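Accompanying notes for the structure given below.
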Amino acid sequence: MNEEYDVIVLGTGLTECILSGIMSVNGKKVLHMDRNSYYGGDSASITPLEDFYKRFNIPGTPPESMGKGRDWNVDLVPKFLMANGQLVKMLLFTEVTRYLDFKVIEGSFVYKGGKIYKVPSTETEALASSLMGLFEKRRFRKFLVYVANFDANDPKTLEGVDPHKSTMRDVYKKFDLGQDVIDFTGHALALYRTDDYLDQPCLESINRIKLYSESLARYGKSPYLYPLYGLGELPQGFARLSAIYGGTYMLNKPIEEIVMENGKVVGVKSEGEVARCKQLICDPSYVSDRVTKAGQVIRVICIMSHPIKNTSDANSCQIIIPQNQVNRKSDIYVCMISYAHNVAAQGKYIAIVSTTVETNDPEKEIKPALDLLEPVEQKFVSISDQFAPTDLGTESQIFISRAYDATTHFETTCDDIKDIYKRMMGTEFDFEEMKRKKSDIFGDTEQ
C-alpha cells in the first residue's frame with residue numbers, strides 16, 4: 001500500500017465507484033478503500049435479511065414467514081433509474097450494463113385526495129385519466145404536445161415563451177392548467193420535490209418533462225428501471241470496471257488519517273501505512289470537519305405480503321404524494337419492488353417511503369404514505385442527516401460527494417458526479433470520456 005497514486009477514493013457508494021471507474025478508464029492510477037466489509041456504503045443492498053435486522057437493532061431473528069434470509073437484498077436508499085437518464089447513459093458508455101440485468105418498473109402513480117391514480121404522461125393516457133375533467137384533459141393534451149415539440153433554439157416551437165425568462169407558472173397559465181394538473185405535472189412528471197421551480201425560468205422544467213416522456217417511450221410501462229438483485233449491484237459494476245483498468249480495491253480498511261501538507265492532501269493513512277495521492281474523492285462520513293448538515297431524510301422500509309392497493313397488483317411501482325396534497329413543503333415518495341426483482345423471498349414486497357424531514361415528528365409526516373401500504377409485516381425506520389461539502393476541493397484537492405437525497409431517481413447523483421469531475425479535471429464532464437478504449441485485451445475474458 002505504500003505507493004503513490006493519482007487518486008485515492010474513500011467509500012464505495014455509487015458516486016465514488018462511478019468516479020473511480022471514470023478516472024481508471026482515463027488512465028489514472030486509483031486506490032479505492034472502504035472501512036466497511038461490503039460495497040455500496042449508503043447505497044448498498046443488505047443481505048442476508050438477518051444482517052438487515054441487526055443493522056436496525058431489531059431483536060431476535062426474522063420470523064420463518066420471511067422465507068430464506070439469503071433471498072433478500074434490501075436497499076438502504078430507494079431509487080430507480082430514468083430509462084433515458086444520465087445514469088443509464090453512463091452504464092451504456094462504460095458497458096457496465098454487461099454485469100447487470102434490469103426490469104422496467106410497472107407503474108407510476110400520483111396521490112390526490114387520499115386516493116392514488118396512474119400518472120398520465122402520454123396523450124392517450126391523458127384523455128383516459130380520471131384525474132381530470134374533459135376540458136382540463138384537452139388543455140393538458142395541448143400542453144404535452146407543446147412540450148414534446150419544444151426546442152429552445154427554434155422560435156417557431158416556443159409560441160412566445162422565452163425559455164430563459166418566462167417562468168413555469170407563466171407556461172401553466174398560457175395553457176390554463178388547474179392546480180391539480182400543475183401538482184402532478186411538476187411533481188410526478190418533472191419530479192420536483194417542492195414548488196420553488198414555479199417561479200424559475202421554464203427551460204429546466206420543460207426538459208425534465210421531456211426526459212420523463214422520452215424515458216417512458218423507451219419501454220412503455222413506466223420511465224423507470226431497476227437492477228435485479230438490488231441497487232447495490234450498481235456500485236459493484238463500476239468497481240469492476242475500475243479494477244479492469246488497474247484500479248486497486250481494499251475493503252475493511254479503517255482510515256486513520258487524511259495526510260495534509262500546506263493545506264493540500266498528500267495521502268491517506270490506514271493501519272499504520274500511508275498511501276500517497278494527488279487528489280482524494282470521498283463521501284461525507286470520512287471528512288466530518290469539511291461538511292455541513294443540510295437537513296434530514298426519513299426512510300421507512302416496509303416488508304409486506306401483498307402489492308399496494310389500486311395499483312392493478314403491480315409487482316413494482318412508484319407513488320408520488322405531492323406536497324400540496326398533504327400540506328407540506330416537500331413531496332413524499334413510495335418506491336415498491338418485490339420478489340420479481342430477486343430482492344425478497346417469494347411472495348414478498350418491499351416498499352420504501354422517503355421524504356425530507358420538516359418537523360420534530362418525522363414518522364407522523366409520512367403517515368399518509370404508510371396508510372397506503374397497510375398491512376405492513378415489519379418496518380425499519382432510518383433518519384439520515386444530509387451533508388453537503390463546505391470545501392469544494394480547489395485548494396485541498398479533497399472532493400466530497402453529497403449524501404443521497406430524498407428523490408427516487410439518480411439524476412441528482414449524476415449531477416454531483418459531473419460537478420466533482422469538473423472540479424477535479426478542470427474541464428466539463430463528457431460522456432465520451434467514459435467509453436471503454438477499444439484495444440482492451442485484459443479482464444472480462446470470462447464473460
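Ligands are numbered from 1 in the order shown, residues from 1 within each chain, and chains are lettered A, B, ... in the order they appear in the C-alpha cells.
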
Would you kindly return, as a ChimeraX atom specification, each protein, DNA or RNA residue with an atom no farther than 8 Å from any atom of range 279-290 of chain A, considering only C-alpha atoms and excluding same-chain residues fewer than 2 positions away?
-> /A:6-11,13,16,255,265-266,277,292,387-391,397-403,424

May I have the residues from that selection written out with N, CA and C atoms, as a PDB file, in the first residue's frame?
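So the final result, stored in part-v2.pdb, reads:
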```pdb
ATOM      1  N   ASP A   6      -2.539   8.479  -8.321  1.00  0.00           N
ATOM      2  CA  ASP A   6      -3.075   9.767  -8.801  1.00  0.00           C
ATOM      3  C   ASP A   6      -4.270  10.155  -7.941  1.00  0.00           C
ATOM      4  N   VAL A   7      -5.146   9.157  -7.698  1.00  0.00           N
ATOM      5  CA  VAL A   7      -6.387   9.428  -6.964  1.00  0.00           C
ATOM      6  C   VAL A   7      -6.620   8.320  -5.937  1.00  0.00           C
ATOM      7  N   ILE A   8      -6.969   8.726  -4.712  1.00  0.00           N
ATOM      8  CA  ILE A   8      -7.448   7.744  -3.725  1.00  0.00           C
ATOM      9  C   ILE A   8      -8.929   8.039  -3.506  1.00  0.00           C
ATOM     10  N   VAL A   9      -9.741   6.972  -3.446  1.00  0.00           N
ATOM     11  CA  VAL A   9     -11.186   7.127  -3.232  1.00  0.00           C
ATOM     12  C   VAL A   9     -11.542   6.422  -1.929  1.00  0.00           C
ATOM     13  N   LEU A  10     -12.284   7.114  -1.062  1.00  0.00           N
ATOM     14  CA  LEU A  10     -12.702   6.518   0.215  1.00  0.00           C
ATOM     15  C   LEU A  10     -14.227   6.355   0.206  1.00  0.00           C
ATOM     16  N   GLY A  11     -14.678   5.128   0.450  1.00  0.00           N
ATOM     17  CA  GLY A  11     -16.115   4.843   0.424  1.00  0.00           C
ATOM     18  C   GLY A  11     -16.497   4.267  -0.932  1.00  0.00           C
ATOM     19  N   GLY A  13     -19.683   4.019  -2.214  1.00  0.00           N
ATOM     20  CA  GLY A  13     -21.037   4.391  -2.652  1.00  0.00           C
ATOM     21  C   GLY A  13     -21.042   4.533  -4.170  1.00  0.00           C
ATOM     22  N   GLU A  16     -18.887   7.414  -5.648  1.00  0.00           N
ATOM     23  CA  GLU A  16     -17.441   7.145  -5.573  1.00  0.00           C
ATOM     24  C   GLU A  16     -17.024   6.090  -6.596  1.00  0.00           C
ATOM     25  N   ILE A 255      -9.750   3.999   8.158  1.00  0.00           N
ATOM     26  CA  ILE A 255      -8.967   5.165   7.721  1.00  0.00           C
ATOM     27  C   ILE A 255      -8.573   5.953   8.970  1.00  0.00           C
ATOM     28  N   VAL A 265      -4.048  17.831   0.237  1.00  0.00           N
ATOM     29  CA  VAL A 265      -3.979  16.401   0.566  1.00  0.00           C
ATOM     30  C   VAL A 265      -2.754  15.771  -0.100  1.00  0.00           C
ATOM     31  N   VAL A 266      -2.030  14.930   0.657  1.00  0.00           N
ATOM     32  CA  VAL A 266      -0.883  14.224   0.049  1.00  0.00           C
ATOM     33  C   VAL A 266      -0.988  12.710   0.248  1.00  0.00           C
ATOM     34  N   CYS A 277      -1.139  10.406  -2.533  1.00  0.00           N
ATOM     35  CA  CYS A 277      -2.004  10.716  -3.690  1.00  0.00           C
ATOM     36  C   CYS A 277      -1.942  12.200  -4.021  1.00  0.00           C
ATOM     37  N   THR A 292     -21.186  20.245   5.999  1.00  0.00           N
ATOM     38  CA  THR A 292     -22.163  20.893   6.859  1.00  0.00           C
ATOM     39  C   THR A 292     -23.500  20.169   6.722  1.00  0.00           C
ATOM     40  N   PHE A 387     -25.569  15.725   4.302  1.00  0.00           N
ATOM     41  CA  PHE A 387     -24.389  16.577   4.405  1.00  0.00           C
ATOM     42  C   PHE A 387     -24.006  17.121   3.036  1.00  0.00           C
ATOM     43  N   ALA A 388     -23.566  18.384   3.040  1.00  0.00           N
ATOM     44  CA  ALA A 388     -23.050  18.973   1.804  1.00  0.00           C
ATOM     45  C   ALA A 388     -21.639  19.458   2.101  1.00  0.00           C
ATOM     46  N   PRO A 389     -20.718  19.376   1.123  1.00  0.00           N
ATOM     47  CA  PRO A 389     -19.329  19.790   1.376  1.00  0.00           C
ATOM     48  C   PRO A 389     -19.216  21.292   1.602  1.00  0.00           C
ATOM     49  N   THR A 390     -18.374  21.681   2.577  1.00  0.00           N
ATOM     50  CA  THR A 390     -18.077  23.109   2.746  1.00  0.00           C
ATOM     51  C   THR A 390     -16.769  23.418   2.005  1.00  0.00           C
ATOM     52  N   ASP A 391     -16.036  22.354   1.660  1.00  0.00           N
ATOM     53  CA  ASP A 391     -14.755  22.502   0.965  1.00  0.00           C
ATOM     54  C   ASP A 391     -14.946  21.954  -0.450  1.00  0.00           C
ATOM     55  N   GLN A 397      -7.715  19.810  -2.731  1.00  0.00           N
ATOM     56  CA  GLN A 397      -7.797  18.670  -3.667  1.00  0.00           C
ATOM     57  C   GLN A 397      -8.540  17.472  -3.048  1.00  0.00           C
ATOM     58  N   ILE A 398      -9.401  17.794  -2.057  1.00  0.00           N
ATOM     59  CA  ILE A 398     -10.298  16.779  -1.492  1.00  0.00           C
ATOM     60  C   ILE A 398     -11.682  17.041  -2.077  1.00  0.00           C
ATOM     61  N   PHE A 399     -12.251  16.037  -2.741  1.00  0.00           N
ATOM     62  CA  PHE A 399     -13.538  16.216  -3.418  1.00  0.00           C
ATOM     63  C   PHE A 399     -14.578  15.323  -2.743  1.00  0.00           C
ATOM     64  N   ILE A 400     -15.594  15.974  -2.159  1.00  0.00           N
ATOM     65  CA  ILE A 400     -16.526  15.262  -1.285  1.00  0.00           C
ATOM     66  C   ILE A 400     -17.885  15.127  -1.975  1.00  0.00           C
ATOM     67  N   SER A 401     -18.419  13.907  -1.987  1.00  0.00           N
ATOM     68  CA  SER A 401     -19.725  13.698  -2.630  1.00  0.00           C
ATOM     69  C   SER A 401     -20.832  14.166  -1.687  1.00  0.00           C
ATOM     70  N   ARG A 402     -22.019  14.356  -2.262  1.00  0.00           N
ATOM     71  CA  ARG A 402     -23.177  14.753  -1.455  1.00  0.00           C
ATOM     72  C   ARG A 402     -23.935  13.497  -1.009  1.00  0.00           C
ATOM     73  N   ALA A 403     -24.624  13.602   0.116  1.00  0.00           N
ATOM     74  CA  ALA A 403     -25.427  12.468   0.588  1.00  0.00           C
ATOM     75  C   ALA A 403     -26.570  12.234  -0.402  1.00  0.00           C
ATOM     76  N   MET A 424     -12.319  18.447 -10.401  1.00  0.00           N
ATOM     77  CA  MET A 424     -11.059  17.680 -10.360  1.00  0.00           C
ATOM     78  C   MET A 424     -10.222  17.875 -11.616  1.00  0.00           C
TER      79      MET A 424
END
```

Nearby residues (only C-alpha atoms) at most 8 Å from Val334 in chain A, same-chain spacing under 5 positions excluded, as a list in words | Gln318, Ile319, Ile320, Ala351, Ile352, Val353, Ser354 and Ala369 of chain A

Residue selection dump (C-alpha atoms) as a PDB file, in the first residue's frame:
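See part_13.pdb below for the written result:
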```pdb
ATOM      1  CA  GLN A 318     -43.645   4.401  -7.618  1.00  0.00           C
ATOM      2  CA  ILE A 319     -46.166   6.622  -5.852  1.00  0.00           C
ATOM      3  CA  ILE A 320     -45.601  10.359  -5.507  1.00  0.00           C
ATOM      4  CA  ALA A 351     -41.949  -0.612  -0.144  1.00  0.00           C
ATOM      5  CA  ILE A 352     -39.692   2.250   0.895  1.00  0.00           C
ATOM      6  CA  VAL A 353     -41.225   5.568   1.923  1.00  0.00           C
ATOM      7  CA  SER A 354     -38.976   8.614   1.925  1.00  0.00           C
ATOM      8  CA  ALA A 369     -47.854   7.073   2.643  1.00  0.00           C
TER       9      ALA A 369
END
```

Going by DSSP on the backbone, which bits of range 182-345 of chain A are alpha helix (DSSP H)? Write them as number ranges by chain, please.
-> A: 182-184, 203-219, 233-244

List the neighbours of Ile46 in chain A out to 7 Å using only C-alpha atoms; skip same-chain residues closer than 6 positions along the sequence, and give me the result as a VMD selection string.
-> chain A and resid 52 73 to 75

Write the residues of the preceding selection, restricted to N, CA and C atoms, as a PDB file, in the first residue's frame.
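Just written: selection-v3.pdb:
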```pdb
ATOM      1  N   PHE A  52     -29.784  -7.342   8.044  1.00  0.00           N
ATOM      2  CA  PHE A  52     -30.621  -6.149   7.960  1.00  0.00           C
ATOM      3  C   PHE A  52     -31.295  -5.892   9.309  1.00  0.00           C
ATOM      4  N   ASN A  73     -32.249  -8.922  -0.673  1.00  0.00           N
ATOM      5  CA  ASN A  73     -31.225  -7.888  -0.891  1.00  0.00           C
ATOM      6  C   ASN A  73     -31.943  -6.560  -0.698  1.00  0.00           C
ATOM      7  N   VAL A  74     -31.851  -6.000   0.504  1.00  0.00           N
ATOM      8  CA  VAL A  74     -32.693  -4.832   0.799  1.00  0.00           C
ATOM      9  C   VAL A  74     -31.881  -3.548   0.648  1.00  0.00           C
ATOM     10  N   ASP A  75     -32.375  -2.654  -0.225  1.00  0.00           N
ATOM     11  CA  ASP A  75     -31.680  -1.371  -0.456  1.00  0.00           C
ATOM     12  C   ASP A  75     -31.819  -0.467   0.765  1.00  0.00           C
TER      13      ASP A  75
END
```

Tell me which protein, DNA and RNA residues are within 8 Å of range 202-214 of chain A, counting only C-alpha atoms, leaving out same-chain ones fewer than 4 positions away, and put them as a list of chain:residue names.
->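 Non-adjacent residues within range: A:Met82, A:Asn84, A:Gly85, A:Ser121, A:Thr122, A:Val147, A:Ala148, A:Phe150, A:Ala152, A:Pro163, A:His164, A:Lys165, A:Ser166, A:Thr167, A:Met168, A:Val171, A:Thr185, A:Gly186, A:Leu189, A:Ala190, A:Leu191, A:Tyr197, A:Leu198, A:Arg218, A:Pro223.
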
All residues 9 Å or closer to Glu95 in chain A, only C-alpha atoms, same chain fewer than 5 positions away omitted, as number ranges by chain = A: 90, 241, 435-436

Go ahead and dump the residues you just picked, C-alpha atoms, as an mmCIF file, in the first residue's frame.
```cif
data_model
loop_
_atom_site.group_PDB
_atom_site.id
_atom_site.type_symbol
_atom_site.label_atom_id
_atom_site.label_comp_id
_atom_site.auth_asym_id
_atom_site.auth_seq_id
_atom_site.Cartn_x
_atom_site.Cartn_y
_atom_site.Cartn_z
ATOM 1 C CA MET A 90 -23.115 6.165 -18.033
ATOM 2 C CA LEU A 241 -14.798 -1.505 -14.417
ATOM 3 C CA LYS A 435 -16.101 4.965 -23.251
ATOM 4 C CA ARG A 436 -14.013 1.850 -22.918
#
```
